[in-house]
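Engineer: Below is query.txt; it holds compact mmCIF, C-alpha atoms and all ligand atoms.
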```
# COMPACT_ATOMS: atom_id res chain seq x y z
CA MET N 18 0.00 0.00 0.00
CA THR N 19 2.61 2.58 1.04
CA ILE N 20 4.99 1.44 -1.70
CA ASP N 21 2.05 2.03 -4.12
CA LEU N 22 1.95 5.63 -2.91
CA HIS N 23 5.72 5.91 -3.39
CA GLU N 24 5.24 4.60 -6.94
CA ALA N 25 2.53 7.21 -7.57
CA ASN N 26 4.97 9.86 -6.36
CA ARG N 27 7.58 8.52 -8.80
CA LEU N 28 5.34 9.47 -11.74
CA SER N 29 4.68 12.89 -10.26
CA TRP N 30 8.41 13.48 -9.67
CA ASN N 31 9.27 12.37 -13.21
CA ALA N 32 7.00 15.05 -14.66
CA ALA N 33 8.11 17.76 -12.23
CA THR N 34 11.83 17.05 -12.66
CA ILE N 35 11.61 17.82 -16.39
CA ALA N 36 9.94 21.15 -15.61
CA HIS N 37 12.46 21.97 -12.86
CA ASN N 38 15.48 21.28 -15.07
CA SER N 39 14.01 23.39 -17.89
CA HIS N 40 14.72 26.47 -15.73
CA LYS N 41 18.32 25.63 -14.89
CA GLY N 42 20.25 26.38 -18.11
CA ASP N 43 23.59 24.74 -18.94
CA GLN N 44 24.21 22.93 -15.68
CA ALA N 45 27.25 21.00 -16.93
CA ALA N 46 29.00 24.29 -17.76
CA PHE N 47 28.07 25.60 -14.31
CA PHE N 48 29.70 22.62 -12.59
CA ARG N 49 32.69 22.52 -14.95
CA SER N 50 33.45 26.10 -13.94
CA GLY N 51 33.45 25.07 -10.25
CA GLY N 52 29.86 26.00 -9.34
CA THR N 53 28.14 24.53 -6.29
CA THR N 54 24.49 24.22 -5.25
CA LEU N 55 25.24 23.64 -1.56
CA PHE N 56 24.36 26.14 1.16
CA PRO N 57 26.58 26.97 4.17
CA GLU N 58 24.11 25.28 6.56
CA GLU N 59 24.54 21.78 5.11
CA LEU N 60 28.30 22.28 4.76
CA ASP N 61 28.41 23.15 8.46
CA LEU N 62 26.40 20.02 9.37
CA LEU N 63 28.52 17.81 7.10
CA GLY N 64 31.98 19.02 8.13
CA ASP N 65 34.93 17.69 6.14
CA ILE N 66 33.83 15.07 3.62
CA ALA N 67 37.03 14.70 1.59
CA GLY N 68 37.80 11.04 0.95
CA LYS N 69 34.55 9.85 2.56
CA GLU N 70 32.11 7.31 1.10
CA LEU N 71 28.93 9.41 1.08
CA LEU N 72 25.39 8.22 0.45
CA HIS N 73 23.04 10.98 -0.77
CA LEU N 74 19.39 10.04 -0.12
CA GLN N 75 16.74 11.29 -2.57
CA CYS N 76 19.36 13.07 -4.66
CA ASN N 77 16.94 14.17 -7.40
CA ALA N 78 18.84 15.22 -10.56
CA GLY N 79 22.22 15.10 -8.84
CA GLN N 80 23.16 18.76 -8.53
CA ASP N 81 23.90 18.56 -4.79
CA SER N 82 25.51 15.12 -5.24
CA LEU N 83 27.99 16.54 -7.76
CA SER N 84 28.63 19.51 -5.48
CA LEU N 85 29.46 17.02 -2.71
CA ALA N 86 31.71 15.05 -5.05
CA GLN N 87 33.54 18.27 -5.92
CA ARG N 88 34.43 18.53 -2.23
CA GLY N 89 36.23 15.20 -2.44
CA ALA N 90 33.54 12.71 -1.32
CA ARG N 91 32.89 9.47 -3.23
CA VAL N 92 29.18 9.95 -3.75
CA THR N 93 26.36 7.48 -4.34
CA GLY N 94 23.00 9.13 -5.00
CA VAL N 95 19.69 7.27 -4.72
CA ASP N 96 16.33 8.48 -5.99
CA ILE N 97 13.05 6.95 -7.10
CA SER N 98 12.62 9.18 -10.15
CA ASP N 99 13.73 7.75 -13.51
CA GLU N 100 14.01 11.24 -15.01
CA ALA N 101 16.06 12.51 -12.08
CA ILE N 102 18.53 9.62 -12.13
CA ASP N 103 18.89 9.66 -15.93
CA PHE N 104 19.56 13.40 -15.77
CA ALA N 105 22.04 12.99 -12.89
CA LYS N 106 24.03 10.35 -14.81
CA ARG N 107 24.23 12.59 -17.90
CA LEU N 108 25.16 15.62 -15.81
CA SER N 109 27.93 13.70 -14.05
CA ALA N 110 29.40 12.65 -17.41
CA ASP N 111 29.02 16.09 -19.01
CA ALA N 112 30.36 17.95 -15.98
CA LEU N 113 33.29 15.51 -15.71
CA ILE N 114 32.51 14.87 -12.02
CA PRO N 115 32.34 11.13 -11.23
CA ALA N 116 29.50 9.96 -8.99
CA GLN N 117 27.28 6.88 -8.88
CA PHE N 118 23.51 7.18 -9.26
CA GLU N 119 21.00 4.42 -8.51
CA ARG N 120 17.27 4.50 -9.21
CA ALA N 121 15.18 2.86 -6.50
CA ASP N 122 12.53 3.37 -3.91
CA LEU N 123 14.53 4.24 -0.82
CA PHE N 124 13.00 1.53 1.36
CA THR N 125 13.73 -1.18 -1.24
CA TRP N 126 17.24 0.22 -1.71
CA PHE N 127 17.96 0.10 2.06
CA GLU N 128 16.82 -3.52 2.18
CA GLN N 129 19.08 -4.52 -0.72
CA ALA N 130 22.03 -2.52 0.66
CA ARG N 131 21.65 -4.31 3.99
CA GLN N 132 21.64 -7.72 2.27
CA GLN N 133 24.75 -6.74 0.29
CA HIS N 134 26.51 -5.37 3.42
CA ARG N 135 27.03 -1.95 1.79
CA THR N 136 28.21 0.71 4.27
CA PHE N 137 29.09 4.41 4.15
CA ASP N 138 31.03 6.97 6.22
CA ARG N 139 28.37 9.58 5.69
CA VAL N 140 24.66 9.66 4.90
CA PHE N 141 23.15 12.96 3.77
CA ALA N 142 19.64 14.15 2.90
CA SER N 143 18.37 17.67 2.31
CA TYR N 144 15.36 19.89 1.61
CA GLY N 145 12.07 18.18 0.87
CA THR N 146 12.87 14.52 1.42
CA ILE N 147 11.03 12.87 4.33
CA CYS N 148 7.64 14.30 3.33
CA TRP N 149 7.68 11.68 0.52
CA LEU N 150 8.32 8.74 2.84
CA SER N 151 5.47 6.74 4.35
CA ASP N 152 7.31 5.45 7.44
CA ILE N 153 9.84 7.39 9.49
CA ASP N 154 11.13 4.34 11.41
CA THR N 155 11.96 2.47 8.18
CA TRP N 156 13.87 5.59 7.07
CA ALA N 157 15.82 5.91 10.33
CA ARG N 158 16.60 2.17 10.58
CA GLY N 159 17.76 2.21 6.94
CA ILE N 160 20.18 5.07 7.65
CA ALA N 161 21.56 3.34 10.75
CA SER N 162 21.97 0.05 8.85
CA VAL N 163 24.19 1.53 6.12
CA LEU N 164 26.35 3.73 8.37
CA LYS N 165 29.73 2.40 9.46
CA PRO N 166 30.35 2.54 13.23
CA GLY N 167 31.26 6.20 13.92
CA GLY N 168 29.67 7.20 10.59
CA GLN N 169 27.72 10.45 10.50
CA PHE N 170 24.22 11.38 9.36
CA SER N 171 23.69 14.99 8.25
CA PHE N 172 20.19 16.20 7.51
CA ILE N 173 18.59 19.53 6.67
CA GLU N 174 14.87 19.89 6.09
CA PHE N 175 12.06 22.41 5.91
CA HIS N 176 10.54 22.82 9.35
CA PRO N 177 7.24 20.97 9.83
CA PHE N 178 5.90 23.99 11.72
CA ALA N 179 6.39 26.17 8.60
CA LEU N 180 4.27 23.68 6.68
CA VAL N 181 1.14 24.47 8.70
CA PHE N 182 0.81 27.63 6.56
CA ASP N 183 -0.70 27.93 3.09
CA GLU N 184 1.10 29.96 0.42
CA GLU N 185 -0.26 33.22 1.86
CA TRP N 186 0.92 32.54 5.41
CA LYS N 187 -2.52 31.50 6.66
CA PRO N 188 -2.48 28.55 9.12
CA ARG N 189 -4.19 25.78 7.15
CA TYR N 190 -2.68 22.36 7.84
CA GLY N 191 -2.51 20.64 11.26
CA TYR N 192 0.99 20.02 12.63
CA PHE N 193 -0.06 16.58 13.86
CA LYS N 194 -1.33 14.53 10.94
CA ASP N 195 -2.10 10.92 10.22
CA GLY N 196 -1.75 9.27 6.87
CA PRO N 197 -0.99 10.71 3.48
CA ILE N 198 -1.93 14.21 2.35
CA ILE N 199 -3.17 13.99 -1.23
CA GLU N 200 -1.90 16.83 -3.41
CA SER N 201 -2.49 17.67 -7.06
CA GLY N 202 1.08 16.69 -7.91
CA VAL N 203 4.64 17.90 -7.37
CA GLY N 204 4.61 21.53 -8.42
CA ASP N 205 7.11 23.73 -10.22
CA TYR N 206 8.67 25.23 -7.11
CA VAL N 207 11.71 26.23 -9.16
CA ALA N 208 9.57 28.57 -11.28
CA GLN N 209 7.87 29.77 -8.08
CA SER N 210 11.28 30.57 -6.52
CA GLY N 211 13.09 32.02 -9.56
CA ASP N 212 16.75 32.96 -9.10
CA THR N 213 17.01 31.64 -5.52
CA LEU N 214 16.56 28.02 -6.70
CA ALA N 215 17.93 28.21 -10.25
CA VAL N 216 21.30 26.49 -10.52
CA ASP N 217 22.91 29.58 -12.03
CA THR N 218 20.51 32.17 -13.46
CA TYR N 219 16.81 31.47 -13.95
CA HIS N 220 15.65 30.39 -17.43
CA THR N 221 11.99 30.65 -18.44
CA GLY N 222 11.70 27.04 -19.63
CA THR N 223 8.36 25.32 -19.06
CA GLU N 224 5.59 27.80 -18.34
CA ASN N 225 2.41 27.25 -16.29
CA PHE N 226 3.36 23.66 -15.44
CA THR N 227 0.56 21.47 -14.15
CA ASN N 228 1.43 17.97 -13.05
CA PRO N 229 -0.81 15.25 -14.53
CA HIS N 230 0.07 12.89 -11.64
CA PRO N 231 -1.20 13.41 -8.06
CA SER N 232 1.24 13.10 -5.18
CA TYR N 233 1.05 11.78 -1.63
CA GLU N 234 2.89 13.49 1.19
CA PHE N 235 3.52 12.61 4.81
CA SER N 236 4.10 14.99 7.68
CA TRP N 237 6.78 14.15 10.26
CA GLY N 238 7.11 16.32 13.35
CA ILE N 239 10.48 17.11 14.92
CA GLY N 240 9.76 14.76 17.83
CA GLU N 241 8.91 11.88 15.49
CA VAL N 242 12.08 12.39 13.42
CA VAL N 243 14.47 12.67 16.36
CA SER N 244 12.84 9.77 18.22
CA ALA N 245 13.02 7.53 15.13
CA LEU N 246 16.75 8.24 14.74
CA VAL N 247 17.41 7.55 18.43
CA ARG N 248 15.29 4.35 18.30
CA ALA N 249 17.38 3.24 15.32
CA GLY N 250 20.51 3.52 17.48
CA LEU N 251 21.97 6.86 16.38
CA THR N 252 23.36 9.43 18.83
CA LEU N 253 22.15 12.98 18.31
CA ASP N 254 24.97 15.54 18.14
CA ARG N 255 23.08 18.65 17.05
CA LEU N 256 19.53 19.81 16.37
CA VAL N 257 19.46 23.33 14.87
CA GLU N 258 16.48 25.49 13.86
CA TYR N 259 16.74 28.32 11.37
CA PRO N 260 14.46 31.38 10.93
CA TYR N 261 14.72 31.33 7.12
CA MET N 262 14.44 28.98 4.14
CA ASN N 263 17.26 28.28 1.73
CA GLY N 264 16.16 28.84 -1.84
CA TRP N 265 12.48 27.94 -1.65
CA ARG N 266 10.00 30.84 -1.94
CA ALA N 267 7.29 28.82 -0.21
CA PHE N 268 5.16 31.78 0.85
CA GLU N 269 4.18 35.25 -0.31
CA PRO N 270 5.36 37.69 0.74
CA MET N 271 8.89 36.69 1.69
CA ARG N 272 11.91 38.85 2.40
CA GLU N 273 15.08 37.99 0.50
CA LEU N 274 18.21 37.80 2.63
CA ASP N 275 21.80 37.38 1.49
CA GLY N 276 22.80 34.01 0.04
CA ASP N 277 19.42 33.08 -1.53
CA ARG N 278 17.76 32.82 1.89
CA LEU N 279 14.10 33.76 2.34
CA ALA N 280 12.46 34.93 5.56
CA PRO N 281 9.01 36.19 6.57
CA PRO N 282 8.44 39.93 6.08
CA GLU N 283 9.54 42.29 8.91
CA THR N 284 5.90 42.67 10.00
CA MET N 285 5.76 38.99 11.09
CA PRO N 286 7.40 37.39 14.15
CA SER N 287 10.33 35.08 13.51
CA LEU N 288 9.35 31.46 12.80
CA PRO N 289 11.31 28.22 12.52
CA LEU N 290 11.47 27.55 8.76
CA MET N 291 14.21 24.88 8.53
CA TYR N 292 15.97 22.50 10.90
CA GLY N 293 19.17 20.53 10.74
CA ILE N 294 20.34 17.35 12.45
CA ALA N 295 23.82 15.93 12.93
CA ALA N 296 23.95 12.44 14.41
CA HIS N 297 26.36 9.53 14.45
CA LYS N 298 26.33 5.76 14.85
C1 LIG O 301 12.72 17.79 -3.13
S1 LIG O 301 13.59 16.50 -3.90
C2 LIG O 301 15.09 16.47 -2.97
C3 LIG O 301 16.08 17.35 -3.64
C4 LIG O 301 17.44 17.25 -3.05
N1 LIG O 301 17.56 18.17 -1.99
C5 LIG O 301 18.53 17.50 -4.05
O1 LIG O 301 19.66 17.19 -3.74
O2 LIG O 301 18.28 18.02 -5.13
C6 LIG O 301 12.79 15.04 -3.32
C7 LIG O 301 13.28 13.82 -4.05
O3 LIG O 301 12.77 12.66 -3.37
C8 LIG O 301 12.58 11.65 -4.34
N2 LIG O 301 11.73 10.62 -3.76
C9 LIG O 301 10.42 10.71 -3.43
N3 LIG O 301 9.98 9.56 -2.91
C10 LIG O 301 11.05 8.70 -2.88
C11 LIG O 301 11.22 7.35 -2.48
N4 LIG O 301 10.22 6.66 -1.96
N5 LIG O 301 12.44 6.78 -2.64
C12 LIG O 301 13.47 7.49 -3.17
N6 LIG O 301 13.36 8.77 -3.59
C13 LIG O 301 12.16 9.37 -3.44
C14 LIG O 301 11.97 12.40 -5.51
O4 LIG O 301 12.08 11.68 -6.72
C15 LIG O 301 12.78 13.70 -5.49
O5 LIG O 301 13.86 13.63 -6.37
```
Translate the structure of the given file into structure tokens.
Structural biologist:
Amino acid sequence: MTIDLHEANRLSWNAATIAHNSHKGDQAAFFRSGGTTLFPEELDLLGDIAGKELLHLQCNAGQDSLSLAQRGARVTGVDISDEAIDFAKRLSADALIPAQFERADLFTWFEQARQQHRTFDRVFASYGTICWLSDIDTWARGIASVLKPGGQFSFIEFHPFALVFDEEWKPRYGYFKDGPIIESGVGDYVAQSGDTLAVDTYHTGTENFTNPHPSYEFSWGIGEVVSALVRAGLTLDRLVEYPYMNGWRAFEPMRELDGDRLAPPETMPSLPLMYGIAAHK
């Protein structure tokens, strides 16, 4: 049942990934000239990754994976979307940055990796990942099972409290939810965000994108996420909350800060919009 919902999301992500990449211009040239899509917050959580075997969960079209590889990690990216993984493989070849990309549902991939005794020094996931996963304990146990002893998990995510608001900052969704939230499909949040999410400069690309495939999202509160990681045997080193969002113009209006960060307008109180976790096995 839940894997069926993951499969439905795969179709929705395939369609959206094409639209997203249409706005991102010549990405291979961007990476060949030393460009990076990583923000300081994830670099801070990750620390030094040179020479590390790094697993990138839900890597989408590989832009962050290649940015991680440029910092010296040996990167394996996993994602359910065929379009995303095909694009990532082409981008890796065209940008001349080696990385491995594998297409799979994350839960199936964890199971196979466990059977094959695959392990990593680092596991990383960022921005818009766990809302697509139907079980937070399976996620946390999967991470713990592929980390070497002493290996580190670094995670940055949009804050579940921010997601109680609709696009106009009106409280609309409960923080505590059960079961999947049915949406009309993965949207074109790159078009919605413009320059702050474009890889280099924003290109018009696909206009007025509507996704023909619905999507199913899951809400995981901070307590559920941290508890799942601890239950899986990880030790929490840091839990950080941030009063801004990196790249994603999720609401209107938003105030643009330096470094492609977006915050509520001055007239609103500060709110937690992202959080980060560093943990180890
Ligand atoms: C918002 S994107 C994450 C982007 C990421 N921050 C990056 O490096 O570009 C979410 C990704 O999760 C993937 N995804 C959704 N459900 C999944 C699943 N069950 N297994 C693996 N990947 C999944 C989607 O295909 C999509 O690429």
Engineer: List as a compact mmCIF listing (two decimals) with C-alpha atoms, keeping the file's coordinate frame the residues having at least one atom at most 12 Å from position (25.8, 26.5, -13.7) as given in the file, counting all atoms listed in the file.
Structural biologist:
```
# COMPACT_ATOMS: atom_id res chain seq x y z
CA ASN N 38 15.48 21.28 -15.07
CA HIS N 40 14.72 26.47 -15.73
CA LYS N 41 18.32 25.63 -14.89
CA GLY N 42 20.25 26.38 -18.11
CA ASP N 43 23.59 24.74 -18.94
CA GLN N 44 24.21 22.93 -15.68
CA ALA N 45 27.25 21.00 -16.93
CA ALA N 46 29.00 24.29 -17.76
CA PHE N 47 28.07 25.60 -14.31
CA PHE N 48 29.70 22.62 -12.59
CA ARG N 49 32.69 22.52 -14.95
CA SER N 50 33.45 26.10 -13.94
CA GLY N 51 33.45 25.07 -10.25
CA GLY N 52 29.86 26.00 -9.34
CA THR N 53 28.14 24.53 -6.29
CA THR N 54 24.49 24.22 -5.25
CA GLN N 80 23.16 18.76 -8.53
CA LEU N 83 27.99 16.54 -7.76
CA SER N 84 28.63 19.51 -5.48
CA LEU N 108 25.16 15.62 -15.81
CA ALA N 112 30.36 17.95 -15.98
CA LEU N 214 16.56 28.02 -6.70
CA ALA N 215 17.93 28.21 -10.25
CA VAL N 216 21.30 26.49 -10.52
CA ASP N 217 22.91 29.58 -12.03
CA THR N 218 20.51 32.17 -13.46
CA TYR N 219 16.81 31.47 -13.95
CA HIS N 220 15.65 30.39 -17.43
```
Engineer: Under the rule of at most 9 Å, produce a per-residue listing of chain N near ligand LIG 301 (chain O): chain, number, name, the closest pair of atoms, and the distance in Å, as a tab-separated table, using only C-alpha atoms and all ligand atoms.
Structural biologist:
```
residue	atom	partner	partner_atom	distance
N:Ile20	CA	O:LIG301	N4	7.4
N:Leu22	CA	O:LIG301	N4	8.4
N:His23	CA	O:LIG301	N4	4.8
N:Glu24	CA	O:LIG301	N4	7.3
N:Asn26	CA	O:LIG301	N3	6.1
N:Arg27	CA	O:LIG301	O4	5.9
N:Leu28	CA	O:LIG301	O4	8.7
N:Ser29	CA	O:LIG301	O4	8.3
N:Trp30	CA	O:LIG301	O4	5.0
N:Asn31	CA	O:LIG301	O4	7.1
N:Thr34	CA	O:LIG301	O5	7.4
N:Thr54	CA	O:LIG301	O1	8.7
N:Leu55	CA	O:LIG301	O1	8.8
N:His73	CA	O:LIG301	O1	7.7
N:Leu74	CA	O:LIG301	N6	7.1
N:Gln75	CA	O:LIG301	O3	4.3
N:Cys76	CA	O:LIG301	O1	4.2
N:Asn77	CA	O:LIG301	O5	3.3
N:Ala78	CA	O:LIG301	O2	6.1
N:Gly79	CA	O:LIG301	O1	6.1
N:Gln80	CA	O:LIG301	O2	6.0
N:Asp81	CA	O:LIG301	O1	4.6
N:Ser82	CA	O:LIG301	O1	6.4
N:Gly94	CA	O:LIG301	O1	8.8
N:Val95	CA	O:LIG301	C12	6.4
N:Asp96	CA	O:LIG301	N6	3.8
N:Ile97	CA	O:LIG301	N6	4.0
N:Ser98	CA	O:LIG301	O4	4.3
N:Asp99	CA	O:LIG301	O4	8.0
N:Glu100	CA	O:LIG301	O4	8.5
N:Ala101	CA	O:LIG301	O5	6.2
N:Ile102	CA	O:LIG301	O5	8.4
N:Arg120	CA	O:LIG301	C12	7.7
N:Ala121	CA	O:LIG301	C12	6.0
N:Asp122	CA	O:LIG301	N5	3.6
N:Leu123	CA	O:LIG301	N5	3.8
N:Phe124	CA	O:LIG301	N5	6.6
N:Thr125	CA	O:LIG301	N5	8.2
N:Trp126	CA	O:LIG301	N5	8.2
N:Ala142	CA	O:LIG301	N1	6.7
N:Ser143	CA	O:LIG301	N1	4.4
N:Tyr144	CA	O:LIG301	N1	4.6
N:Gly145	CA	O:LIG301	C1	4.1
N:Thr146	CA	O:LIG301	C6	4.8
N:Ile147	CA	O:LIG301	O3	7.9
N:Cys148	CA	O:LIG301	C9	8.1
N:Trp149	CA	O:LIG301	N3	4.6
N:Leu150	CA	O:LIG301	N4	5.6
N:Ser151	CA	O:LIG301	N4	7.9
N:Ile173	CA	O:LIG301	N1	8.8
N:Glu174	CA	O:LIG301	N1	8.7
```
Engineer: Measure the distance from CA of Gln117 in chain N to CA of Ala67 in chain N in Å and round it to one decimal.
Structural biologist: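 We find that CA of Gln117 in chain N and CA of Ala67 in chain N lie 16.3 Å from each other.
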Engineer: In Å, how far is it from CA of Leu290 in chain N to CA of Gln209 in chain N?
Structural biologist: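 So the two atoms, CA of Leu290 in chain N and CA of Gln209 in chain N, lie 17.4 Å apart.
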Engineer: What does the distance from CA of Pro282 in chain N to CA of Ile239 in chain N come to in Å, to one decimal?
Structural biologist: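 Spanning CA of Pro282 in chain N to CA of Ile239 in chain N is a straight-line distance of 24.6 Å.
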Engineer: Which is closest to Arg248 in chain N among N:Gly159, N:Pro289, N:Pro197, N:Pro231, if we use all atoms listed in the file?
Structural biologist: N:Gly159
Engineer: Of the candidates N:Gly264, N:Gly68, N:Gly250, N:Pro57, which shows the shortest atom-to-atom distance to Phe170 in chain N, using all atoms listed in the file?
Structural biologist: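 Of all the options, N:Gly250 lies closest to Phe170 in chain N.
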